[in-house]
Amino acid sequence: MIEINNLTKKYGSFTALNNLNLSIDKGTVFGFVGPNGAGKSTTFSILATLLAPTNGTAYVNGYDVTKNPKQVRKHIGYMPDFFGVYDQFKVHEYLDFYGASYGVPSNERKAIIPQLLELVNLIDKKDSYVDVLSRGMKQRLCLARALIHDPEVLILDEPASGLDPRARIEMRGILKELKNMEKTIIISSHILPELSEMCDYLGIIEHGNLIASGNVGQIENQLQAQKILNIQVKNNIERTIAFFQEDPNVLQVERDEKTELLLHVSYEGTEDDQIELLRKAVKNEIPILTFTQKQSNLEDIFMEITKGDE
Amino acid sequence: MDRFMSLFINPVLNKEVKLRFRTFKSFLGLFFYLLVCGIACLAFIYIESYLSYDSFTATDSRNLFMVLGIGQLGLILFMTPGLTAGAISGEREMQTLNILLTTQQSSTSIILSKLFSSIAYLFLMLIASLPLYSIVFLYGGVSPEMVMITFSFHLLTMLTIGSLGIMFSTLIRRTMVATITTYGVMVFLVVGTLILFFISLRFVMQQYTGPSGVTQGNHYLPYVALMLNPAATLFSIYEPTVERSLQSAGVNWDLWKGFITSYSIITIFSLFVSIIRLRPSTQLKSRKKKG
């Protein structure tokens, strides 16, 4: 449905997007995560035919975004990260205008507008002027606007940004419904947990480079080269430290600040190496009480790899 | 045919007209404009009829017509840049342009709709003021053809300044800068060309006048400078004597012909640039590839 090959966008000497390769199947919800300025909006602008890439190609539904922009526009619903509304329009007029702009016939518009307003919970605001709507309502109205021509692909750039928790939950609910409608959705956020819940696949982008992509588990594996082993012993802590420090896969052994007999071991070996390490420890009569791998937190990893931006 | 019509009648035009004419301000603007024009006409007639020795003659009526024609031209010149220079940049500043550009509307229809809707209000003002010209007919001195010529002249000026406004609005990101640039071009067309005309005419007279006092050869610069000036051209339609000074420089072509040609070219060029640059990068990229 969406095929991106070696997509590059440069502004002078600054590279906003560097050789991005991505393939998103029909009906997939793909989350694009990265800090501000990582290249998410650039990618979305290129897919929305608003920006030409310096190099590479991007296809939506088989149509090249630079060669067949008109066809691409027919198949996408685009919601930018920052957008304005025509304040003097009423809600239904706003949708009617965009419906007409997308070439939806008048009678179809009349039928689809109430359905869309129902979907985004704005049916009771049908006759309100757009400028009296709250930010969350405007976000939802913009989402309804992106759906007016029933596109197969939705490109949503930070749809939940600036919303209060309640509005975020409402937006998440709407996105789940869209997922059930088998829309292909590409959605961005700089907040990872928000996306990891609702997306089938994630891509993490930083400085214009896609540093990891796949489902949540795959991303953890790609990003987490080293793991932390939490090892608690009954006694003999000095001997235990000496034993683990000898292993070539152990990078660092730290004692827990609060629990005296607990160690945090930074380990880069494979799962088999890990089994072997435990076996050796037992053979060497290390009095192990617990031997666990620290549960990885995707957000921690994300924060770790993007901390250079702060 | 449908496709051609959709360039002129489309959702963007509907939206613009609806939003522009929905406010009470638009009605008030039109009301006060007609009030001022009406009072000016009646005051002119009153002054000429009661305060001068003779009654209101056909010549006075003709003068009133010229005052109205040139006055409305002034209105067009001062209002059109303000109405058009924010058409595209305003959408960009409101952050609505990107969404509009992802719809099925072609660049041509967006630009033409923006132009027509921006000048629609001014056009309405002109149409609404047409009955004022009927006062002139009461006293004679002006033919209906002259009214139509003046009206067409206003229309072309409006289209050209409007197209320039739209072009600057497309090329320049900030509405304020686009508006100032359009006013700058307008001032050049009204004042700059006049200065250029006098300088070039003086130069031609000095350099190329023979012993008999007749200018030798054809010198186009004074003509070109003056044909770009809408006020001078309109005045030359009313008072053909203006053209004599041009004939002395060796150019015999009517000034209005030069005006229509040059303003049509400026209009087409401005609209073409606007259409090409509205979705700039994607268009240029695909062109480069084709090349």
# chains A, B, ... in the order shown; residues from 1 in each chain; ligands from 1
$ interface_residues --of "chain A" --to "chain B" --cutoff "9 Å" --atoms "only C-alpha atoms" --output "PyMOL selection string"
chain A and resi 46+48-54+65-67+69-71+73-74+76-80+82-86+88-89+97-103+146
$ select_by_dssp --residues "stretch 35-198 of chain A" --states "alpha helix (DSSP H)" --output "ChimeraX atom specification"
/A:40-47,69-75,91-101,106-119,135-147,165-180,192-198
$ atom_distance --atom1 "atom CA of B:Thr108" --atom2 "atom CA of A:Leu47"
21.8 Å
$ residues_around --residues "A:Gly31" --least-positions-apart "3" --cutoff "8 Å" --atoms "only C-alpha atoms" --output "ChimeraX atom specification"
/A:186-189,195-196,199-203
$ residues_around --residues "A:Asn19" --least-positions-apart "6" --cutoff "9 Å" --atoms "only C-alpha atoms" --output "list in words"
Asn5, Asn6, Leu7, Thr8, Lys9, Asn55, Gly56, Gly208, Asn209 and Leu210 of chain A
$ residues_around --residues "B:Cys37" --least-positions-apart "6" --cutoff "12 Å" --atoms "only C-alpha atoms" --output "number ranges by chain"
B: 30-31, 43-44, 64-65, 67-69, 71-72, 75, 125-126, 128-133, 135
$ write_last_selection --atoms "C-alpha atoms" --output "short mmCIF file (atom, residue, chain, number, x, y, z; two decimals), in the first residue's frame"
data_model
loop_
_atom_site.label_atom_id
_atom_site.label_comp_id
_atom_site.auth_asym_id
_atom_site.auth_seq_id
_atom_site.Cartn_x
_atom_site.Cartn_y
_atom_site.Cartn_z
CA LEU B 30 -20.78 48.66 -0.18
CA PHE B 31 -23.40 50.91 1.41
CA ALA B 43 -22.42 67.74 -4.93
CA PHE B 44 -20.68 68.07 -8.28
CA LEU B 64 -18.48 64.38 -13.94
CA PHE B 65 -18.16 61.15 -15.88
CA VAL B 67 -14.22 62.25 -12.30
CA LEU B 68 -16.29 59.13 -11.64
CA GLY B 69 -14.21 56.98 -14.01
CA GLY B 71 -12.13 58.05 -9.07
CA GLN B 72 -13.21 54.44 -9.43
CA LEU B 75 -10.46 52.83 -5.79
CA MET B 125 -18.94 47.69 -6.05
CA LEU B 126 -18.41 48.63 -9.70
CA ALA B 128 -23.54 48.60 -7.95
CA SER B 129 -22.19 52.00 -8.92
CA LEU B 130 -23.31 51.69 -12.57
CA PRO B 131 -26.67 53.40 -11.84
CA LEU B 132 -24.67 56.47 -10.78
CA TYR B 133 -23.60 56.79 -14.38
CA ILE B 135 -27.11 60.62 -13.68
#
$ closest_residue --among "A:Ile174, A:Leu229, A:Leu163, A:Val91" --to "A:Glu271" --atoms "only C-alpha atoms"
A:Leu229
